[in-house]
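Participant: Pasting work.tsv below, which is TSV, C-alpha atoms and all ligand atoms.
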chain	number	residue	atom	x	y	z
C	24	MET	CA	30.11	15.94	-20.68
C	25	SER	CA	33.33	15.99	-22.66
C	26	GLY	CA	34.30	19.38	-23.92
C	27	THR	CA	37.41	21.19	-24.97
C	28	ASN	CA	37.83	24.75	-23.80
C	29	LEU	CA	39.55	26.72	-26.48
C	30	ALA	CA	41.35	29.77	-25.17
C	31	PRO	CA	40.96	32.94	-27.20
C	32	THR	CA	43.91	33.26	-29.52
C	33	SER	CA	44.95	36.83	-28.79
C	34	GLY	CA	44.20	40.04	-26.95
C	35	ASP	CA	41.72	40.97	-24.27
C	36	CYS	CA	39.06	41.95	-26.76
C	37	ILE	CA	37.80	38.37	-26.88
C	38	ASN	CA	36.77	37.61	-23.35
C	39	LYS	CA	34.62	34.58	-24.07
C	40	TRP	CA	35.79	31.00	-24.01
C	41	ILE	CA	34.36	28.80	-26.68
C	42	THR	CA	33.30	25.33	-25.61
C	43	VAL	CA	33.47	22.73	-28.35
C	44	ASN	CA	31.45	19.64	-27.56
C	45	THR	CA	33.65	16.67	-28.34
C	46	TYR	CA	31.37	14.05	-26.79
C	47	CYS	CA	31.92	10.97	-28.93
C	48	LEU	CA	30.63	7.45	-29.29
C	49	GLN	CA	33.41	6.12	-27.06
C	50	ASP	CA	32.22	8.40	-24.22
C	51	PHE	CA	28.71	7.14	-24.81
C	52	LEU	CA	29.77	3.48	-24.74
C	53	GLU	CA	31.54	4.05	-21.44
C	54	GLU	CA	28.58	5.85	-19.90
C	55	THR	CA	26.02	3.28	-21.01
C	56	LYS	CA	28.39	0.31	-20.46
C	57	LEU	CA	27.40	-0.72	-23.96
C	58	LYS	CA	29.72	-3.52	-25.02
C	59	ARG	CA	31.06	-3.77	-28.56
C	60	PHE	CA	31.24	-7.33	-29.95
C	61	GLU	CA	33.97	-8.31	-32.36
C	62	SER	CA	32.04	-11.32	-33.69
C	63	LEU	CA	28.68	-13.07	-33.50
C	64	HIS	CA	30.45	-15.89	-31.71
C	65	GLN	CA	31.57	-13.55	-28.92
C	66	PHE	CA	28.05	-12.10	-28.76
C	67	TRP	CA	26.35	-15.49	-28.32
C	68	ARG	CA	28.97	-16.51	-25.72
C	69	GLU	CA	28.06	-13.38	-23.77
C	70	LEU	CA	24.36	-14.29	-23.93
C	71	ASP	CA	25.20	-17.86	-22.83
C	72	SER	CA	26.95	-16.44	-19.78
C	73	LYS	CA	24.09	-14.07	-18.89
C	74	TYR	CA	20.92	-16.04	-19.57
C	75	PRO	CA	19.64	-19.60	-18.97
C	76	PRO	CA	19.83	-21.98	-21.99
C	77	GLN	CA	16.08	-21.80	-22.60
C	78	LYS	CA	16.19	-18.01	-22.87
C	79	VAL	CA	19.18	-18.18	-25.25
C	80	LYS	CA	17.24	-20.62	-27.47
C	81	GLU	CA	14.34	-18.15	-27.52
C	82	LEU	CA	16.75	-15.37	-28.51
C	83	GLU	CA	18.25	-17.50	-31.27
C	84	ARG	CA	14.73	-18.08	-32.64
C	85	ALA	CA	14.06	-14.32	-32.43
C	86	TYR	CA	17.32	-13.56	-34.27
C	87	ALA	CA	16.34	-16.03	-37.01
C	88	LYS	CA	13.11	-14.06	-37.47
C	89	LEU	CA	15.17	-11.21	-38.90
C	90	GLU	CA	16.14	-13.48	-41.79
C	91	ASP	CA	12.44	-14.32	-42.33
C	92	ASN	CA	11.71	-10.59	-42.50
C	93	ASP	CA	9.72	-10.72	-39.27
C	94	GLU	CA	11.31	-7.61	-37.80
C	95	ALA	CA	8.38	-6.86	-35.51
C	96	GLY	CA	8.69	-10.34	-33.94
C	97	PHE	CA	12.42	-9.84	-33.45
C	98	TYR	CA	12.07	-6.43	-31.79
C	99	ALA	CA	9.17	-7.59	-29.57
C	100	THR	CA	11.59	-10.13	-28.08
C	101	ILE	CA	14.75	-8.07	-27.74
C	102	PHE	CA	13.04	-4.88	-26.54
C	103	SER	CA	11.30	-6.87	-23.78
C	104	ASP	CA	14.26	-6.27	-21.47
C	105	TYR	CA	16.52	-3.23	-21.01
C	106	GLU	CA	19.82	-5.11	-20.66
C	107	LEU	CA	18.98	-7.45	-23.50
C	108	ALA	CA	18.17	-4.56	-25.84
C	109	LEU	CA	21.49	-2.92	-24.96
C	110	THR	CA	23.37	-6.18	-25.51
C	111	PHE	CA	21.89	-6.50	-29.01
C	112	SER	CA	22.84	-2.89	-29.70
C	113	GLY	CA	26.45	-3.99	-29.09
C	114	LEU	CA	26.23	-5.80	-32.44
C	115	ARG	CA	25.67	-2.51	-34.27
C	116	ILE	CA	28.40	-0.26	-32.87
C	117	SER	CA	30.31	-0.15	-36.13
C	118	LEU	CA	27.16	0.96	-37.96
C	119	CYS	CA	26.38	3.53	-35.24
C	120	GLN	CA	29.92	4.91	-35.56
C	121	ALA	CA	29.56	5.28	-39.34
C	122	VAL	CA	26.17	6.98	-38.97
C	123	ILE	CA	27.39	9.32	-36.20
C	124	ASP	CA	30.50	10.34	-38.19
C	125	TRP	CA	28.25	11.15	-41.14
C	126	ILE	CA	25.76	13.14	-39.02
C	127	LEU	CA	28.54	15.20	-37.47
C	128	VAL	CA	30.08	16.03	-40.85
C	129	CYS	CA	26.65	17.04	-42.20
C	130	LEU	CA	26.06	19.25	-39.14
C	131	SER	CA	29.54	20.73	-39.00
C	132	GLU	CA	28.19	24.16	-39.89
C	133	SER	CA	24.89	24.07	-38.07
C	134	ASN	CA	23.60	23.66	-34.58
C	135	PRO	CA	20.20	21.97	-34.69
C	136	GLN	CA	17.69	23.08	-32.09
C	137	LYS	CA	15.06	20.42	-32.77
C	138	ILE	CA	15.88	16.86	-33.71
C	139	LEU	CA	13.61	13.93	-34.53
C	140	ASP	CA	14.80	10.33	-34.57
C	141	ALA	CA	12.15	8.37	-36.47
C	142	GLY	CA	12.15	4.65	-35.68
C	143	CYS	CA	14.50	5.19	-32.74
C	144	GLY	CA	14.31	1.65	-31.29
C	145	ASN	CA	15.83	1.58	-27.80
C	146	GLY	CA	17.13	5.11	-28.30
C	147	ILE	CA	20.88	4.58	-28.76
C	148	LEU	CA	21.37	7.18	-31.50
C	149	THR	CA	18.69	9.44	-30.01
C	150	CYS	CA	20.39	9.56	-26.61
C	151	PHE	CA	23.79	10.04	-28.23
C	152	LEU	CA	22.43	13.09	-30.08
C	153	ALA	CA	20.91	14.44	-26.86
C	154	LYS	CA	24.35	14.22	-25.25
C	155	ARG	CA	26.16	15.73	-28.19
C	156	PHE	CA	23.63	18.56	-28.67
C	157	PRO	CA	22.68	19.47	-25.09
C	158	ASP	CA	20.94	22.70	-26.17
C	159	ALA	CA	18.66	20.90	-28.62
C	160	THR	CA	15.30	19.29	-27.95
C	161	ILE	CA	15.25	15.70	-29.17
C	162	ILE	CA	12.23	13.51	-29.85
C	163	GLY	CA	12.38	9.81	-30.62
C	164	ILE	CA	9.41	7.90	-31.99
C	165	ASP	CA	9.03	4.20	-32.60
C	166	ILE	CA	6.16	1.88	-33.44
C	167	SER	CA	7.31	-0.52	-30.72
C	168	ALA	CA	5.98	0.37	-27.26
C	169	GLU	CA	8.65	-1.92	-25.77
C	170	GLY	CA	11.38	-0.08	-27.69
C	171	ILE	CA	10.11	3.25	-26.36
C	172	GLU	CA	10.02	1.90	-22.82
C	173	GLN	CA	13.71	0.90	-23.03
C	174	ALA	CA	14.64	4.19	-24.71
C	175	ARG	CA	13.03	6.10	-21.82
C	176	LYS	CA	15.01	4.02	-19.33
C	177	LEU	CA	18.23	4.74	-21.20
C	178	ALA	CA	17.53	8.49	-21.17
C	179	LEU	CA	16.76	8.31	-17.45
C	180	ASN	CA	19.97	6.40	-16.71
C	181	LEU	CA	21.92	9.04	-18.63
C	182	SER	CA	20.10	11.85	-16.74
C	183	LEU	CA	19.03	13.40	-20.02
C	184	THR	CA	16.47	16.16	-19.73
C	185	ASN	CA	16.38	17.38	-23.34
C	186	ILE	CA	14.80	14.23	-24.77
C	187	LYS	CA	11.31	12.76	-25.13
C	188	PHE	CA	10.14	9.42	-26.52
C	189	GLU	CA	6.73	8.64	-28.00
C	190	VAL	CA	5.11	5.60	-29.59
C	191	GLY	CA	4.25	6.44	-33.19
C	192	ASP	CA	4.15	5.09	-36.73
C	193	ILE	CA	6.47	6.88	-39.17
C	194	LYS	CA	3.89	6.97	-41.93
C	195	ASP	CA	1.20	8.82	-39.98
C	196	PHE	CA	2.53	10.26	-36.72
C	197	SER	CA	1.79	13.92	-36.35
C	198	PHE	CA	3.06	16.83	-34.34
C	199	ASP	CA	1.66	20.35	-34.25
C	200	ALA	CA	1.96	22.02	-37.63
C	201	THR	CA	4.41	24.45	-36.01
C	202	ASP	CA	6.55	21.61	-34.78
C	203	SER	CA	9.20	21.26	-37.43
C	204	PHE	CA	12.66	19.81	-37.03
C	205	ASP	CA	16.12	21.04	-38.09
C	206	LEU	CA	17.33	17.47	-38.23
C	207	ILE	CA	15.31	14.35	-38.93
C	208	LEU	CA	17.22	11.12	-38.61
C	209	SER	CA	15.92	7.72	-39.57
C	210	VAL	CA	18.17	4.68	-39.40
C	211	ALA	CA	17.12	1.23	-40.60
C	212	ALA	CA	13.47	1.92	-39.83
C	213	LEU	CA	11.71	2.61	-43.14
C	214	GLU	CA	9.75	0.13	-45.24
C	215	VAL	CA	12.16	0.38	-48.13
C	216	THR	CA	10.62	-2.25	-50.37
C	217	SER	CA	6.98	-1.30	-49.85
C	218	PRO	CA	4.76	1.36	-51.45
C	219	PHE	CA	4.47	2.82	-47.92
C	220	LEU	CA	7.98	4.17	-48.35
C	221	ILE	CA	6.69	7.27	-50.17
C	222	LYS	CA	4.09	7.84	-47.47
C	223	GLN	CA	6.73	7.49	-44.76
C	224	LEU	CA	9.16	9.87	-46.47
C	225	HIS	CA	6.36	12.31	-47.19
C	226	ASN	CA	5.32	12.34	-43.55
C	227	LEU	CA	8.90	12.90	-42.40
C	228	GLY	CA	9.39	15.65	-45.00
C	229	LYS	CA	6.23	17.38	-43.70
C	230	HIS	CA	7.94	17.83	-40.34
C	231	LEU	CA	11.22	19.14	-41.73
C	232	SER	CA	11.92	22.85	-41.28
C	233	GLU	CA	12.60	24.96	-44.39
C	234	ASP	CA	16.38	24.80	-43.83
C	235	GLY	CA	16.26	21.42	-42.15
C	236	LEU	CA	18.17	18.33	-43.11
C	237	MET	CA	16.85	14.80	-43.26
C	238	LEU	CA	19.35	11.96	-42.95
C	239	ASN	CA	18.28	8.47	-43.94
C	240	PHE	CA	20.32	5.36	-43.69
C	241	GLU	CA	18.70	2.12	-44.80
C	242	LYS	CA	20.07	-1.23	-45.83
C	243	LEU	CA	19.52	-0.49	-49.51
C	244	SER	CA	21.32	-3.60	-50.55
C	245	ASN	CA	20.86	-3.64	-54.31
C	246	PRO	CA	20.74	-1.12	-57.15
C	247	GLN	CA	16.96	-1.55	-57.71
C	248	ILE	CA	16.18	-0.68	-54.09
C	249	GLN	CA	18.67	2.19	-54.17
C	250	LYS	CA	17.01	3.65	-57.25
C	251	TYR	CA	13.56	3.13	-55.77
C	252	PHE	CA	14.65	5.03	-52.66
C	253	VAL	CA	15.87	8.04	-54.66
C	254	GLN	CA	12.65	8.00	-56.71
C	255	ALA	CA	10.56	7.78	-53.54
C	256	LEU	CA	12.45	10.76	-52.07
C	257	GLY	CA	11.57	12.77	-55.18
C	258	GLU	CA	7.94	11.66	-55.20
C	259	SER	CA	7.50	12.50	-51.55
C	260	GLY	CA	8.40	16.14	-52.21
C	261	ILE	CA	11.89	16.23	-50.75
C	262	CYS	CA	15.10	16.64	-52.61
C	263	ALA	CA	18.22	14.52	-52.19
C	264	ASP	CA	21.31	16.57	-51.40
C	265	LEU	CA	24.03	14.54	-53.09
C	266	GLU	CA	26.83	16.65	-51.64
C	267	LYS	CA	25.92	15.55	-48.13
C	268	SER	CA	24.79	12.06	-49.13
C	269	LYS	CA	27.54	9.54	-48.65
C	270	TRP	CA	28.41	5.88	-48.93
C	271	LEU	CA	28.88	4.57	-45.40
C	272	SER	CA	31.29	1.74	-44.59
C	273	TYR	CA	30.93	-0.42	-41.53
C	274	GLU	CA	31.31	-3.99	-40.33
C	275	ASN	CA	28.18	-6.08	-39.88
C	276	ALA	CA	27.65	-8.64	-37.12
C	277	ASP	CA	29.36	-11.32	-39.23
C	278	GLY	CA	32.45	-9.12	-39.57
C	279	ASP	CA	31.82	-8.42	-43.27
C	280	GLU	CA	32.74	-4.99	-44.63
C	281	ILE	CA	29.52	-3.30	-45.85
C	282	HIS	CA	29.22	-0.20	-48.07
C	283	LEU	CA	25.78	1.31	-48.47
C	284	PRO	CA	24.46	4.70	-49.56
C	285	ALA	CA	23.08	7.09	-46.97
C	286	PHE	CA	20.90	9.93	-48.20
C	287	ALA	CA	20.78	13.51	-47.03
C	288	SER	CA	17.84	15.57	-48.26
C	289	THR	CA	16.12	18.88	-47.80
C	290	LYS	CA	12.71	20.27	-48.59
C	291	LYS	CA	13.95	23.43	-50.30
C	292	SER	CA	11.13	24.32	-52.65
C	293	ASP	CA	13.42	26.20	-55.06
C	294	GLN	CA	15.55	23.13	-55.70
C	295	GLU	CA	15.21	20.98	-58.82
C	296	PRO	CA	14.41	17.34	-58.10
C	297	ILE	CA	17.48	15.15	-58.56
C	298	SER	CA	17.65	13.78	-62.08
C	299	ASN	CA	18.07	10.07	-62.69
C	300	ASP	CA	21.52	10.70	-64.17
C	301	LEU	CA	22.69	12.57	-61.09
C	302	ALA	CA	21.32	9.92	-58.74
C	303	GLN	CA	22.88	7.20	-60.86
C	304	SER	CA	26.24	8.95	-60.80
C	305	PHE	CA	26.11	9.14	-56.99
C	306	LEU	CA	25.13	5.48	-56.72
C	307	LEU	CA	27.95	4.47	-59.04
C	308	THR	CA	30.53	5.99	-56.73
C	309	GLU	CA	30.29	2.75	-54.71
C	310	PHE	CA	32.58	1.31	-57.34
C	311	ASN	CA	35.03	4.01	-56.47
C	312	LEU	CA	34.52	5.85	-59.70
C	313	LEU	CA	35.80	8.97	-58.07
C	314	SER	CA	39.27	7.57	-57.67
C	315	SER	CA	39.33	5.08	-60.52
C	316	LEU	CA	37.76	7.23	-63.19
C	317	ASP	CA	39.25	10.58	-62.33
C	318	LEU	CA	41.95	9.62	-64.76
C	319	SER	CA	43.99	11.76	-66.97
C	320	PHE	CA	44.46	9.89	-70.20
C	321	LYS	CA	47.89	11.29	-70.73
C	322	GLN	CA	48.25	9.17	-73.78
C	323	GLU	CA	46.71	11.48	-76.28
C	324	ALA	CA	45.57	8.84	-78.76
C	325	LEU	CA	43.78	6.96	-76.00
C	326	SER	CA	42.05	10.12	-74.77
C	327	GLU	CA	40.83	10.90	-78.25
C	328	LEU	CA	39.73	7.35	-78.97
C	329	LEU	CA	37.81	7.07	-75.70
C	330	PHE	CA	36.23	10.49	-76.09
C	331	ASN	CA	35.00	9.60	-79.58
C	332	GLN	CA	33.67	6.25	-78.40
C	333	ILE	CA	31.56	7.62	-75.53
C	334	ASN	CA	28.17	8.32	-77.07
C	335	PRO	CA	25.70	9.89	-76.90
C	336	LYS	CA	27.12	12.95	-75.21
C	337	GLN	CA	26.22	16.63	-75.11
C	338	LEU	CA	28.47	19.64	-74.80
C	339	VAL	CA	27.62	21.43	-71.54
C	340	ARG	CA	30.13	24.30	-71.76
C	341	GLY	CA	33.28	25.05	-73.65
C	342	TYR	CA	35.93	27.69	-74.33
C	343	LYS	CA	38.32	28.24	-77.18
C	344	ALA	CA	41.64	30.00	-76.58
C	345	GLY	CA	43.70	31.48	-79.42
C	346	PHE	CA	47.24	32.04	-78.14
C	347	ASN	CA	48.58	35.56	-78.67
C	348	ASP	CA	51.98	34.33	-79.86
C	349	GLY	CA	50.27	32.39	-82.66
C	350	SER	CA	51.31	29.05	-81.18
C	351	GLY	CA	47.92	27.45	-81.66
C	352	THR	CA	44.34	27.01	-80.53
C	353	TYR	CA	43.23	25.28	-77.35
C	354	TRP	CA	39.73	23.99	-76.49
C	355	PHE	CA	38.51	23.18	-72.99
C	356	GLU	CA	35.11	21.49	-72.86
C	357	GLN	CA	32.72	19.87	-70.42
C	358	TRP	CA	30.50	17.14	-71.86
C	359	GLN	CA	27.85	14.96	-70.28
C	360	SER	CA	27.18	11.34	-71.07
C	361	GLY	CA	24.59	9.61	-68.87
C	362	PRO	CA	25.79	9.77	-65.26
C	363	PHE	CA	29.30	10.90	-66.25
C	364	ALA	CA	30.91	14.23	-66.91
C	365	LEU	CA	33.78	14.37	-69.39
C	366	LEU	CA	36.36	17.13	-69.20
C	367	TYR	CA	38.08	17.20	-72.56
C	368	GLU	CA	41.02	19.39	-73.51
C	369	HIS	CA	42.46	19.42	-77.03
C	370	THR	CA	44.56	21.59	-79.28
C	371	ASN	CA	45.10	21.94	-83.00
C	372	GLN	CA	48.63	20.63	-82.33
C	373	GLY	CA	47.37	17.16	-81.35
C	374	TYR	CA	47.30	17.51	-77.54
C	375	ARG	CA	44.39	15.55	-75.99
C	376	ASN	CA	43.46	15.05	-72.35
C	377	LEU	CA	40.28	13.40	-71.02
C	378	ARG	CA	38.96	13.14	-67.47
C	379	ILE	CA	35.80	11.19	-66.62
C	380	LEU	CA	34.04	11.99	-63.35
C	381	PRO	CA	30.73	11.19	-61.69
C	382	LEU	CA	28.24	13.80	-62.80
C	383	TYR	CA	27.20	14.72	-59.27
C	384	LEU	CA	30.59	16.33	-58.78
C	385	ALA	CA	29.89	18.69	-61.66
C	386	ALA	CA	29.51	21.60	-59.24
C	387	ASN	CA	33.29	21.37	-58.61
C	388	PHE	CA	33.95	22.03	-62.29
C	389	ASP	CA	32.99	25.71	-61.95
C	390	GLN	CA	36.19	26.19	-59.98
C	391	ILE	CA	38.28	24.17	-62.45
C	392	PHE	CA	36.96	26.31	-65.32
C	393	GLU	CA	37.44	29.56	-63.40
C	394	GLU	CA	41.07	28.72	-62.66
C	395	TRP	CA	41.68	27.70	-66.25
C	396	LEU	CA	40.10	30.92	-67.55
C	397	ASP	CA	42.18	33.08	-65.16
C	398	GLN	CA	45.41	31.43	-66.27
C	399	THR	CA	44.66	31.27	-69.97
C	400	ALA	CA	43.41	34.87	-70.25
C	401	LYS	CA	47.01	36.00	-69.59
C	402	TYR	CA	48.23	34.51	-72.87
C	403	ALA	CA	45.23	34.06	-75.14
C	404	ASP	CA	42.04	35.52	-76.56
C	405	LEU	CA	39.13	33.60	-75.13
C	406	GLU	CA	35.88	32.73	-76.82
C	407	GLN	CA	32.98	30.92	-75.14
C	408	ILE	CA	31.71	28.28	-77.56
C	409	LYS	CA	28.90	27.08	-75.28
U	501	LIG	C1	16.85	-1.68	-36.84
U	501	LIG	S1	15.90	-0.82	-35.64
U	501	LIG	C2	16.75	0.70	-35.65
U	501	LIG	C3	16.61	1.48	-34.40
U	501	LIG	C4	17.40	2.77	-34.40
U	501	LIG	N1	17.05	3.62	-35.51
U	501	LIG	C5	18.90	2.47	-34.42
U	501	LIG	O1	19.50	2.57	-35.49
U	501	LIG	O2	19.46	2.12	-33.37
U	501	LIG	C6	14.41	-0.47	-36.53
U	501	LIG	C7	13.35	0.20	-35.68
U	501	LIG	O3	12.34	0.72	-36.53
U	501	LIG	C8	11.10	0.59	-35.87
U	501	LIG	N2	10.02	0.69	-36.87
U	501	LIG	C9	9.73	-0.17	-37.88
U	501	LIG	N3	8.66	0.29	-38.57
U	501	LIG	C10	8.29	1.45	-38.01
U	501	LIG	C11	7.27	2.40	-38.28
U	501	LIG	N4	6.41	2.22	-39.29
U	501	LIG	N5	7.15	3.48	-37.49
U	501	LIG	C12	8.02	3.68	-36.44
U	501	LIG	N6	9.01	2.81	-36.15
U	501	LIG	C13	9.15	1.72	-36.91
U	501	LIG	C14	11.21	-0.77	-35.21
U	501	LIG	O4	10.27	-0.92	-34.17
U	501	LIG	C15	12.64	-0.74	-34.72
U	501	LIG	O5	12.72	-0.22	-33.44
Once you've parsed the file, please lay out its structure as structure tokens.
Ligand SMILES: C[S@@+](CC[C@H](N)C(=O)[O-])C[C@H]1O[C@@H](n2cnc3c(N)ncnc32)[C@H](O)[C@@H]1O

Facilitator:
Amino acid sequence: MSGTNLAPTSGDCINKWITVNTYCLQDFLEETKLKRFESLHQFWRELDSKYPPQKVKELERAYAKLEDNDEAGFYATIFSDYELALTFSGLRISLCQAVIDWILVCLSESNPQKILDAGCGNGILTCFLAKRFPDATIIGIDISAEGIEQARKLALNLSLTNIKFEVGDIKDFSFDATDSFDLILSVAALEVTSPFLIKQLHNLGKHLSEDGLMLNFEKLSNPQIQKYFVQALGESGICADLEKSKWLSYENADGDEIHLPAFASTKKSDQEPISNDLAQSFLLTEFNLLSSLDLSFKQEALSELLFNQINPKQLVRGYKAGFNDGSGTYWFEQWQSGPFALLYEHTNQGYRNLRILPLYLAANFDQIFEEWLDQTAKYADLEQIK
């Protein structure tokens, strides 16, 4: 186990050493001898060197089944053999890295005690989590008995004792009612284009603890499927947490750069379901709206023109400041238009400044307004207009 011992910073009063677990994917790759492939060509050359031509032909046919949407057929072939399953996992290291980085950021302030990996396949991510969170109990389920067999072998080879694998279907597996999880992970395992999606998410949500976090990454490759996924989350009684949700970037087996949304959600009953506008604003960040639209239209005429052209829009909050020295009146307003928030500043002297941001970042505006109010109160009388 990799760990960094951090010495106490000062004094004898702290006599405990804190161990930070820094076990990372690289450690895992070394331990499992999992090989990362730079290209499909390199991958097939490796298979050519390991297996007889007839077997490679069979594997090529199995791989083609993925394109025909016959996932079960594909997994039945590759999970038939431990080494083979691991070799295929070598095609997904970049994706695993992106998912792991995201999980660790989401868990930076928590230490999950019970983790479920739903649709765990041959247990790569499940075993990584068991290594990274040695005090947690981890369960992996998968519909494929062959997948579970290989996952158990992997756990055994890694001498893991905090992990268990079971055959189960995501849409109707069941644990004891008391068995809830702090973290539920599901990667590329849900039926994202079928009506079963709601049933699957509902069943996962049922097993999430009150403060638990569910992390879903699926290949939601077009806006319709992305929207359907957010809707299905809402209909299944769980609530997307757009602060922890993130667009993941990784390289696929063909070496193409892929960007897809990954959703974090909770089952907090006091939380409002995510509105379409909020979800849309998160989904639009793929086009880098955060950096490209967080513009300050310093040119005042342009700011005013654009602000007047964006319709319909509603005022969400606003303040008016009358400067004590009589130098003028200043307005600072937050408007909403569809999935965008507009921060508009203007004065009776002609100053105009417009910023357009994805609506799901609106929570950050509280701080912007607070700072503005603190500063402005020193020189002006303030009036809340909304
Ligand atoms: C692309 S693999 C992903 C495996 C693992 N999550 C990972 O990322 O390494 C998809 C897995 O989902 C499993 N799966 C598909 N439908 C399922 C279902 N209804 N219930 C449980 N597992 C399912 C498949 O058997 C397969 O192992």

Participant: Report, in Å to a single decimal, how far apart atom CA of Leu271 of chain C and atom N4 of ligand LIG 501 (chain U) are.

Facilitator: 23.4 Å

Participant: Using only C-alpha atoms and all ligand atoms, which residue out of C:Leu224, C:Val128, C:Cys47, C:Ala159 lies closest to ligand LIG 501 (chain U)?

Facilitator: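 Result for the nearest residue to ligand LIG 501 (chain U): C:Leu224.
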
Participant: To check your reading of the model: which residues sit at most 8 Å from ligand LIG 501 (chain U) when counting only C-alpha atoms and all ligand atoms? Write the answer as a ChimeraX atom specification.

Facilitator: /C:94-95,98,112,115,119,140-148,164-167,170,190-194,209-214,223

Participant: Excluding Trp125 of chain C and residues on its chain fewer than 2 positions from it, collect all residues at most 10 Å away from it, counting only C-alpha atoms, and give them as a PyMOL selection string.

Facilitator: chain C and resi 119-123+127-131+238+267-271+285+287

Participant: One decimal, in Å: what's the spacing between atom CA of Asp158 of chain C and atom CA of Pro135 of chain C?

Facilitator: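 Separation of atom CA of Asp158 of chain C and atom CA of Pro135 of chain C: 8.6 Å.
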
Participant: Determine the nearest neighbour of Asp195 of chain C from the options C:Asn299, C:Asn245, C:Asn226, C:Gln357, counting only C-alpha atoms.

Facilitator: C:Asn226

Participant: Rank nothing, just name the residue among C:Tyr273, C:Trp354, C:Phe66, C:Phe252 nearest to Ser288 of chain C, using only C-alpha atoms.

Facilitator: C:Phe252

Participant: Looking at C:Leu231, C:Leu220, C:Leu243, C:Val79, which one is nearest to Leu256 of chain C, with distances taken over only C-alpha atoms?

Facilitator: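 So, comparing all the options, the nearest one is C:Leu220.
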
Participant: As an exercise, work out the distance from atom CA of Leu82 of chain C to atom CA of Leu208 of chain C in Å and give it to one decimal place.

Facilitator: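 Separation between atom CA of Leu82 of chain C and atom CA of Leu208 of chain C: 28.4 Å.
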
Participant: For Glu106 of chain C, please output as a ChimeraX atom specification all residues within 12 Å (counting only C-alpha atoms; exclusion window: fewer than 3 positions along the same chain).

Facilitator: /C:55-58,70,73-74,101-103,109-113,145,173-174,176-177

Participant: So, counting only C-alpha atoms, which residue among C:Gly228, C:Pro296, C:Pro335, C:Pro218 is closest to Val253 of chain C?

Facilitator: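 Smallest distance to Val253 of chain C is found for C:Pro296.
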
Participant: Near Leu118 of chain C, within 10 Å and counting only C-alpha atoms, which residues show up once chain neighbours fewer than 6 positions away are dropped, as a tab-separated table (two decimals) with C-alpha atoms, keeping the file's coordinate frame?

Facilitator:
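Output below, filename selection_35.tsv:
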chain	number	residue	atom	x	y	z
C	124	ASP	CA	30.50	10.34	-38.19
C	210	VAL	CA	18.17	4.68	-39.40
C	240	PHE	CA	20.32	5.36	-43.69
C	271	LEU	CA	28.88	4.57	-45.40
C	272	SER	CA	31.29	1.74	-44.59
C	273	TYR	CA	30.93	-0.42	-41.53
C	274	GLU	CA	31.31	-3.99	-40.33
C	275	ASN	CA	28.18	-6.08	-39.88
C	276	ALA	CA	27.65	-8.64	-37.12
C	281	ILE	CA	29.52	-3.30	-45.85

Participant: Kindly extract all protein, DNA and RNA residues lying within 10 Å of the coordinates (33.7, 27.4, -72.6) given in the file, considering only C-alpha atoms, and supply them as a PyMOL selection string.

Facilitator: chain C and resi 338-344+354-357+392+396+405-409

Participant: Can you pull out every residue within 9 Å of Asp348 of chain C, counting only C-alpha atoms, but drop anything in the same chain fewer than 2 positions away, and send it as an mmCIF file with C-alpha atoms, in the coordinates of the input?

Facilitator:
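Saved the output as out.cif:
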data_model
loop_
_atom_site.group_PDB
_atom_site.id
_atom_site.type_symbol
_atom_site.label_atom_id
_atom_site.label_comp_id
_atom_site.auth_asym_id
_atom_site.auth_seq_id
_atom_site.Cartn_x
_atom_site.Cartn_y
_atom_site.Cartn_z
ATOM 1 C CA GLY C 345 43.700 31.480 -79.420
ATOM 2 C CA PHE C 346 47.240 32.040 -78.140
ATOM 3 C CA SER C 350 51.310 29.050 -81.180
ATOM 4 C CA GLY C 351 47.920 27.450 -81.660
ATOM 5 C CA TYR C 402 48.230 34.510 -72.870
ATOM 6 C CA ALA C 403 45.230 34.060 -75.140
#

Participant: Using all atoms listed in the file for the distances, tell me which of C:Ile221, C:Gln337, C:Asp205, C:Tyr383 is nearest to Asp264 of chain C.

Facilitator: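 Comparing C:Ile221, C:Gln337, C:Asp205, C:Tyr383 against Asp264 of chain C, the winner is C:Tyr383.
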